[in-house]
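File shown: start.pdb. Contents: PDB, C-alpha atoms and all ligand atoms.
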```pdb
ATOM      1  CA  MET A   1     -66.299 104.171  -3.821
ATOM      2  CA  VAL A   2     -69.452 106.175  -4.318
ATOM      3  CA  ASN A   3     -70.890 105.683  -7.781
ATOM      4  CA  LYS A   4     -70.942 109.159  -9.329
ATOM      5  CA  ASN A   5     -73.552 108.106 -11.891
ATOM      6  CA  ILE A   6     -76.045 107.294  -9.174
ATOM      7  CA  ILE A   7     -75.488 110.686  -7.539
ATOM      8  CA  ASP A   8     -75.921 112.382 -10.916
ATOM      9  CA  VAL A   9     -79.175 110.525 -11.552
ATOM     10  CA  VAL A  10     -80.524 111.346  -8.066
ATOM     11  CA  LEU A  11     -79.676 115.047  -8.426
ATOM     12  CA  THR A  12     -81.109 115.237 -11.951
ATOM     13  CA  GLU A  13     -84.334 113.555 -10.856
ATOM     14  CA  LEU A  14     -84.628 115.761  -7.766
ATOM     15  CA  ASP A  15     -84.185 118.833  -9.904
ATOM     16  CA  TYR A  16     -86.789 117.599 -12.397
ATOM     17  CA  ALA A  17     -89.239 116.744  -9.605
ATOM     18  CA  ILE A  18     -88.908 120.171  -7.957
ATOM     19  CA  SER A  19     -89.221 122.039 -11.246
ATOM     20  CA  THR A  20     -92.337 120.025 -12.106
ATOM     21  CA  ILE A  21     -94.085 120.209  -8.738
ATOM     22  CA  TYR A  22     -93.382 123.934  -8.303
ATOM     23  CA  ASN A  23     -93.714 124.857 -11.997
ATOM     24  CA  ASN A  24     -95.516 128.206 -12.155
ATOM     25  CA  ASN A  25     -95.077 128.767 -15.857
ATOM     26  CA  ASN A  26     -98.097 129.251 -17.986
ATOM     27  CA  ILE A  27     -98.737 129.654 -21.684
ATOM     28  CA  SER A  28     -98.737 133.320 -22.597
ATOM     29  CA  ASP A  29     -99.886 132.746 -26.193
ATOM     30  CA  LEU A  30    -102.513 130.129 -25.426
ATOM     31  CA  LYS A  31    -104.363 129.225 -28.634
ATOM     32  CA  VAL A  32    -107.805 128.761 -27.114
ATOM     33  CA  SER A  33    -110.760 130.507 -28.693
ATOM     34  CA  ALA A  34    -113.165 130.304 -25.702
ATOM     35  CA  LYS A  35    -112.653 133.298 -23.415
ATOM     36  CA  THR A  36    -114.609 132.216 -20.335
ATOM     37  CA  THR A  37    -113.289 134.079 -17.297
ATOM     38  CA  ASN A  38    -113.981 133.255 -13.676
ATOM     39  CA  LYS A  39    -116.065 136.455 -13.527
ATOM     40  CA  LYS A  40    -118.484 134.871 -15.964
ATOM     41  CA  LEU A  41    -118.924 131.866 -13.703
ATOM     42  CA  ASP A  42    -120.868 132.074 -10.467
ATOM     43  CA  ILE A  43    -118.991 131.205  -7.294
ATOM     44  CA  ASN A  44    -120.114 127.569  -7.161
ATOM     45  CA  LYS A  45    -119.384 126.958 -10.816
ATOM     46  CA  ALA A  46    -115.961 128.602 -10.563
ATOM     47  CA  LYS A  47    -115.215 126.346  -7.578
ATOM     48  CA  GLN A  48    -116.269 123.280  -9.561
ATOM     49  CA  SER A  49    -114.018 124.305 -12.468
ATOM     50  CA  GLU A  50    -111.156 124.878 -10.056
ATOM     51  CA  ARG A  51    -111.565 121.369  -8.606
ATOM     52  CA  VAL A  52    -111.651 119.740 -12.023
ATOM     53  CA  MET A  53    -108.597 121.681 -13.202
ATOM     54  CA  ARG A  54    -106.700 120.980  -9.949
ATOM     55  CA  ILE A  55    -107.190 117.252 -10.523
ATOM     56  CA  ASN A  56    -105.979 117.580 -14.107
ATOM     57  CA  HIS A  57    -102.993 119.633 -13.006
ATOM     58  CA  MET A  58    -102.150 116.886 -10.497
ATOM     59  CA  GLY A  59    -102.535 114.326 -13.312
ATOM     60  CA  GLU A  60     -99.887 116.115 -15.360
ATOM     61  CA  VAL A  61     -97.551 116.209 -12.344
ATOM     62  CA  CYS A  62     -98.092 112.453 -11.886
ATOM     63  CA  ALA A  63     -97.640 111.612 -15.574
ATOM     64  CA  GLN A  64     -94.167 113.099 -15.386
ATOM     65  CA  GLY A  65     -93.399 111.255 -12.129
ATOM     66  CA  LEU A  66     -94.494 107.964 -13.728
ATOM     67  CA  TYR A  67     -92.486 108.400 -16.892
ATOM     68  CA  ARG A  68     -89.380 109.784 -15.210
ATOM     69  CA  GLY A  69     -89.443 106.825 -12.802
ATOM     70  CA  GLN A  70     -89.766 104.363 -15.663
ATOM     71  CA  ALA A  71     -87.034 106.131 -17.647
ATOM     72  CA  VAL A  72     -84.538 105.817 -14.774
ATOM     73  CA  PHE A  73     -84.963 102.055 -14.508
ATOM     74  CA  THR A  74     -85.619 100.940 -18.070
ATOM     75  CA  SER A  75     -82.726  99.242 -19.819
ATOM     76  CA  ASP A  76     -84.179 100.062 -23.228
ATOM     77  CA  ASP A  77     -82.760 103.253 -24.744
ATOM     78  CA  LYS A  78     -85.589 103.506 -27.276
ATOM     79  CA  VAL A  79     -88.215 103.358 -24.527
ATOM     80  CA  ARG A  80     -86.283 105.930 -22.470
ATOM     81  CA  GLY A  81     -86.098 108.320 -25.433
ATOM     82  CA  LYS A  82     -89.825 107.986 -26.017
ATOM     83  CA  LEU A  83     -90.552 108.559 -22.319
ATOM     84  CA  TYR A  84     -88.555 111.807 -22.300
ATOM     85  CA  GLU A  85     -90.302 112.934 -25.476
ATOM     86  CA  ILE A  86     -93.743 112.299 -23.938
ATOM     87  CA  CYS A  87     -92.647 114.014 -20.709
ATOM     88  CA  ASP A  88     -91.987 117.215 -22.675
ATOM     89  CA  GLU A  89     -95.601 117.196 -23.835
ATOM     90  CA  GLU A  90     -96.901 116.387 -20.350
ATOM     91  CA  ASN A  91     -94.942 119.441 -19.216
ATOM     92  CA  TYR A  92     -96.773 121.540 -21.792
ATOM     93  CA  HIS A  93    -100.072 120.169 -20.434
ATOM     94  CA  LEU A  94     -98.950 121.125 -16.940
ATOM     95  CA  LYS A  95     -98.461 124.718 -18.107
ATOM     96  CA  LEU A  96    -101.914 124.724 -19.723
ATOM     97  CA  CYS A  97    -103.447 123.618 -16.406
ATOM     98  CA  ASN A  98    -101.327 126.194 -14.529
ATOM     99  CA  GLN A  99    -102.679 128.887 -16.794
ATOM    100  CA  ARG A 100    -106.311 127.902 -16.335
ATOM    101  CA  LEU A 101    -105.976 127.430 -12.576
ATOM    102  CA  ARG A 102    -104.450 130.893 -12.341
ATOM    103  CA  GLU A 103    -107.293 132.402 -14.378
ATOM    104  CA  LEU A 104    -109.777 130.737 -12.034
ATOM    105  CA  ASP A 105    -107.865 132.009  -8.962
ATOM    106  CA  GLY A 106    -107.562 128.337  -8.101
ATOM    107  CA  LYS A 107    -105.087 126.447  -5.969
ATOM    108  CA  LYS A 108    -102.908 123.492  -6.927
ATOM    109  CA  SER A 109    -102.952 120.355  -4.817
ATOM    110  CA  ILE A 110    -100.840 120.795  -1.682
ATOM    111  CA  LEU A 111    -100.108 117.071  -1.941
ATOM    112  CA  ASN A 112     -98.382 117.256  -5.334
ATOM    113  CA  PRO A 113     -94.978 116.307  -3.825
ATOM    114  CA  LEU A 114     -96.530 113.118  -2.426
ATOM    115  CA  TRP A 115     -98.345 112.362  -5.696
ATOM    116  CA  TYR A 116     -95.164 112.859  -7.698
ATOM    117  CA  LEU A 117     -93.227 110.561  -5.400
ATOM    118  CA  SER A 118     -95.915 107.824  -5.485
ATOM    119  CA  SER A 119     -96.031 108.044  -9.274
ATOM    120  CA  PHE A 120     -92.259 107.931  -9.535
ATOM    121  CA  VAL A 121     -92.217 104.720  -7.449
ATOM    122  CA  LEU A 122     -94.937 103.164  -9.626
ATOM    123  CA  GLY A 123     -93.041 104.200 -12.765
ATOM    124  CA  SER A 124     -89.859 102.688 -11.334
ATOM    125  CA  ILE A 125     -91.652  99.348 -10.897
ATOM    126  CA  ALA A 126     -92.705  99.566 -14.555
ATOM    127  CA  GLY A 127     -89.107 100.368 -15.532
ATOM    128  CA  ILE A 128     -87.796  97.356 -13.624
ATOM    129  CA  ASN A 129     -90.367  95.122 -15.383
ATOM    130  CA  ASP A 130     -89.931  96.692 -18.792
ATOM    131  CA  LYS A 131     -88.637  93.550 -20.485
ATOM    132  CA  LYS A 132     -92.014  91.956 -19.920
ATOM    133  CA  TRP A 133     -94.231  95.030 -20.185
ATOM    134  CA  LYS A 134     -92.301  97.058 -22.774
ATOM    135  CA  LEU A 135     -94.462 100.100 -23.489
ATOM    136  CA  GLY A 136     -97.612  98.616 -21.975
ATOM    137  CA  PHE A 137     -97.288 100.912 -19.001
ATOM    138  CA  ILE A 138     -97.434 104.021 -21.205
ATOM    139  CA  GLU A 139    -100.368 102.625 -23.169
ATOM    140  CA  GLU A 140    -102.332 101.772 -20.016
ATOM    141  CA  THR A 141    -101.525 105.120 -18.347
ATOM    142  CA  GLU A 142    -102.663 107.067 -21.389
ATOM    143  CA  LYS A 143    -105.778 104.929 -21.750
ATOM    144  CA  GLN A 144    -106.772 105.651 -18.149
ATOM    145  CA  VAL A 145    -105.969 109.359 -18.622
ATOM    146  CA  GLU A 146    -108.188 109.500 -21.721
ATOM    147  CA  GLY A 147    -111.091 108.024 -19.741
ATOM    148  CA  HIS A 148    -110.431 110.481 -16.939
ATOM    149  CA  LEU A 149    -110.371 113.477 -19.333
ATOM    150  CA  THR A 150    -113.698 112.475 -20.861
ATOM    151  CA  ALA A 151    -115.185 112.343 -17.343
ATOM    152  CA  SER A 152    -113.538 115.676 -16.408
ATOM    153  CA  ILE A 153    -115.035 117.470 -19.399
ATOM    154  CA  LYS A 154    -118.488 116.257 -18.315
ATOM    155  CA  GLN A 155    -117.867 117.483 -14.745
ATOM    156  CA  LEU A 156    -117.098 121.041 -15.857
ATOM    157  CA  PRO A 157    -119.898 123.619 -15.651
ATOM    158  CA  LYS A 158    -121.305 123.920 -19.186
ATOM    159  CA  GLU A 159    -120.470 127.651 -19.208
ATOM    160  CA  ASP A 160    -116.763 126.971 -18.764
ATOM    161  CA  LEU A 161    -115.906 126.488 -22.407
ATOM    162  CA  ARG A 162    -112.320 127.606 -21.898
ATOM    163  CA  SER A 163    -111.435 124.781 -19.489
ATOM    164  CA  LYS A 164    -113.256 122.375 -21.778
ATOM    165  CA  GLU A 165    -111.213 123.466 -24.778
ATOM    166  CA  ILE A 166    -107.970 123.151 -22.814
ATOM    167  CA  LEU A 167    -108.852 119.604 -21.728
ATOM    168  CA  GLN A 168    -109.731 118.725 -25.313
ATOM    169  CA  ILE A 169    -106.279 119.897 -26.465
ATOM    170  CA  ILE A 170    -104.694 117.694 -23.790
ATOM    171  CA  ALA A 171    -106.922 114.702 -24.642
ATOM    172  CA  LYS A 172    -105.777 114.833 -28.274
ATOM    173  CA  ASP A 173    -102.121 114.528 -27.205
ATOM    174  CA  GLU A 174    -102.862 111.720 -24.721
ATOM    175  CA  LYS A 175    -104.536 109.727 -27.491
ATOM    176  CA  ARG A 176    -101.450 110.189 -29.638
ATOM    177  CA  HIS A 177     -99.228 109.045 -26.744
ATOM    178  CA  ARG A 178    -101.262 105.865 -26.421
ATOM    179  CA  ASN A 179    -101.100 105.190 -30.160
ATOM    180  CA  THR A 180     -97.338 105.783 -30.179
ATOM    181  CA  ALA A 181     -96.876 103.184 -27.425
ATOM    182  CA  LYS A 182     -99.042 100.736 -29.388
ATOM    183  CA  LYS A 183     -97.152 101.318 -32.619
ATOM    184  CA  ILE A 184     -93.773 100.769 -30.996
ATOM    185  CA  GLY A 185     -94.990  97.471 -29.570
ATOM    186  CA  SER A 186     -96.571  97.695 -26.127
ATOM    187  CA  GLU A 187     -97.571  94.561 -24.255
ATOM    188  CA  ASP A 188    -100.780  94.207 -22.262
ATOM    189  CA  LEU A 189    -100.126  94.805 -18.543
ATOM    190  CA  PRO A 190    -101.171  92.195 -15.962
ATOM    191  CA  THR A 191    -104.695  92.876 -14.648
ATOM    192  CA  LYS A 192    -103.284  93.338 -11.141
ATOM    193  CA  ALA A 193    -101.027  96.173 -12.361
ATOM    194  CA  LYS A 194    -103.901  97.858 -14.218
ATOM    195  CA  LYS A 195    -106.122  97.651 -11.154
ATOM    196  CA  SER A 196    -103.391  99.049  -8.869
ATOM    197  CA  MET A 197    -102.879 101.992 -11.237
ATOM    198  CA  HIS A 198    -106.616 102.642 -11.339
ATOM    199  CA  LEU A 199    -106.962 102.381  -7.553
ATOM    200  CA  LEU A 200    -104.048 104.748  -6.915
ATOM    201  CA  SER A 201    -105.375 107.338  -9.370
ATOM    202  CA  THR A 202    -108.894 107.118  -7.902
ATOM    203  CA  ILE A 203    -107.564 107.811  -4.383
ATOM    204  CA  MET A 204    -105.447 110.705  -5.664
ATOM    205  CA  LYS A 205    -108.383 112.255  -7.538
ATOM    206  CA  LYS A 206    -110.761 111.974  -4.588
ATOM    207  CA  ILE A 207    -108.316 113.744  -2.252
ATOM    208  CA  THR A 208    -107.193 116.337  -4.833
ATOM    209  CA  TYR A 209    -110.823 117.334  -5.436
ATOM    210  CA  TYR A 210    -110.599 119.061  -2.017
ATOM    211  CA  VAL A 211    -106.918 119.904  -1.450
TER
HETATM  212 FE    FE B   1    -100.753 115.006 -20.186
HETATM  213 FE    FE B   2     -99.754 111.617 -22.058
END
```
Entire entry expressed as C-alpha cells:
Amino acid sequence: MVNKNIIDVVLTELDYAISTIYNNNNISDLKVSAKTTNKKLDINKAKQSERVMRINHMGEVCAQGLYRGQAVFTSDDKVRGKLYEICDEENYHLKLCNQRLRELDGKKSILNPLWYLSSFVLGSIAGINDKKWKLGFIEETEKQVEGHLTASIKQLPKEDLRSKEILQIIAKDEKRHRNTAKKIGSEDLPTKAKKSMHLLSTIMKKITYYV
C-alpha cells in the first residue's frame, strides 16, 4: 500500500519549493530610509549591485531549501518547529531581495531550482544526523551567512545605500537565528561537514554572480 503520508510530504515540499523559487512578492511598505534608485547608480555600479543582490536572493532560496530538508527528516519536533519559524523569516528576506532586485531591474539566478534542490539534499543529511548534530547545522549555516553578508556589504558600490540597509536588516535576523540555535543547544558540526557547506556555497556564489 502506498504510504499517504509520504505522498503528502512530497506534495507539500514540492509546493513550498515552487512557491519559494518562483516567489515574486516584494515588500510594499519596506521600512528602509535610503532611497537609492538604479538611476542614481551608473551602469557598472548598478550591475555590481544586481550581482550582489542576486547572490543574496539565491542565499535566501537556499536557506529555505536547507531548513525544509532538515525539517522533513528530523525526528525532533522542537527542532522542526524552530526550523519552520526561521523559514518564515528567510521568506521575508527573500521578499526584501526580490524588491531590491526589481528596483535594480535585475535578474534572479536561473539556477535557483538547482540550488534549492542541492540545499534540500544537504538539509536532509543534517536532518538524518540530527541526533548527533542537533541544531549545529542551523548555527553553522547562519554563521557562514553572517560572514557572507559582511562581505556582500563591502562588495556593494558605496553609493548603493539602499541595498546596504536591506542587507543590514537581514544580517540582524541571521545573527538572531544563530543565537537561537546556540541557546537551544546546538552541537559543533564535524569539520568535514562545515567544509562541504562552505565549498558548496562558494561554488553557488561564483556561478550566481553571472547567472
Ligand atoms: Fe535569511
Ligand atoms: Fe537565517
Name the closest residue to ligand FE 2 (chain B) among the candidates A:Asn44, A:Thr150, A:Ser33, A:Gln64; distances are taken between atoms, counting all atoms listed in the file.
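Of A:Asn44, A:Thr150, A:Ser33, A:Gln64, the one nearest ligand FE 2 (chain B), counting all atoms listed in the file, is A:Gln64.
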Counting only C-alpha atoms, which residue out of A:Glu85, A:Glu140, A:Gly123, A:Ala171 sits closest to A:Lys195?
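Once distances to A:Lys195 are computed over only C-alpha atoms, the minimum belongs to A:Glu140.
For the structure in this document, the set picked by the PyMOL selection byres (((chain A and resi 49) around 9) and not hetatm) is A:Asn44, A:Lys45, A:Ala46, A:Lys47, A:Gln48, A:Glu50, A:Arg51, A:Val52, A:Met53, A:Arg54, A:Leu101, A:Leu104, A:Gly106, A:Gln155, A:Leu156, A:Pro157, A:Asp160, A:Ser163.
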For A:Asn23, which residue among A:Pro113, A:Gly136, A:Gly81, A:Gly69 is the nearest when counting all atoms listed in the file?
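Comparing A:Pro113, A:Gly136, A:Gly81, A:Gly69 against A:Asn23, the winner is A:Pro113.
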Which of these residues is nearest to A:Gly59, using only C-alpha atoms: A:Lys205, A:Lys131, A:Lys154, A:Lys175?
A:Lys205
One-decimal distance in Å that lies between atom CA of A:Tyr210 and atom CA of A:Thr141
23.3 Å
Find the residue from A:His177, A:Glu159, A:Met204, A:His198 that sits nearest to A:Lys40; use all atoms listed in the file when measuring.
A:Glu159
At most 7 Å from ligand FE 2 (chain B) (all atoms listed in the file): residue list as a list in words
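So, counting all atoms listed in the file, the residues near ligand FE 2 (chain B) are Ala63, Ile86, Glu90, Glu142, Asp173, Glu174 and His177 of chain A.
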Rank nothing, just name the residue among A:Arg178, A:Ser196, A:Ile184, A:Tyr92 nearest to A:Lys78, using all atoms listed in the file.
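Residue with the minimum atom-to-atom distance to A:Lys78: A:Ile184.
Atom CA of A:His93 is found 14.4 Å from atom CA of A:Arg162.
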The distance between atom CA of A:Tyr84 and atom CA of A:Lys192 is 26.1 Å
Show which residues sit within 10 Å of A:Val121, as a ChimeraX atom specification. Count only C-alpha atoms, and ignore same-chain residues fewer than 4 positions away.
/A:65-66,68-70,115-117,125-127
As an NGL selection string, please: the residues near stretch 12-21 of chain A (cut-off 7 Å, only C-alpha atoms, same-chain neighbours under 3 positions excluded).
:A and (8-9 or 61 or 112-113)
Quick one: 5 Å padding each side, axis-aligned, all listed atoms of stretch 192-204 of chain A - centre and edge lengths in Å to one decimal, as lines of an AutoDock Vina configuration file?
```
center_x = -105.0
center_y = 102.0
center_z = -9.3
size_x = 17.9
size_y = 27.4
size_z = 19.8
```
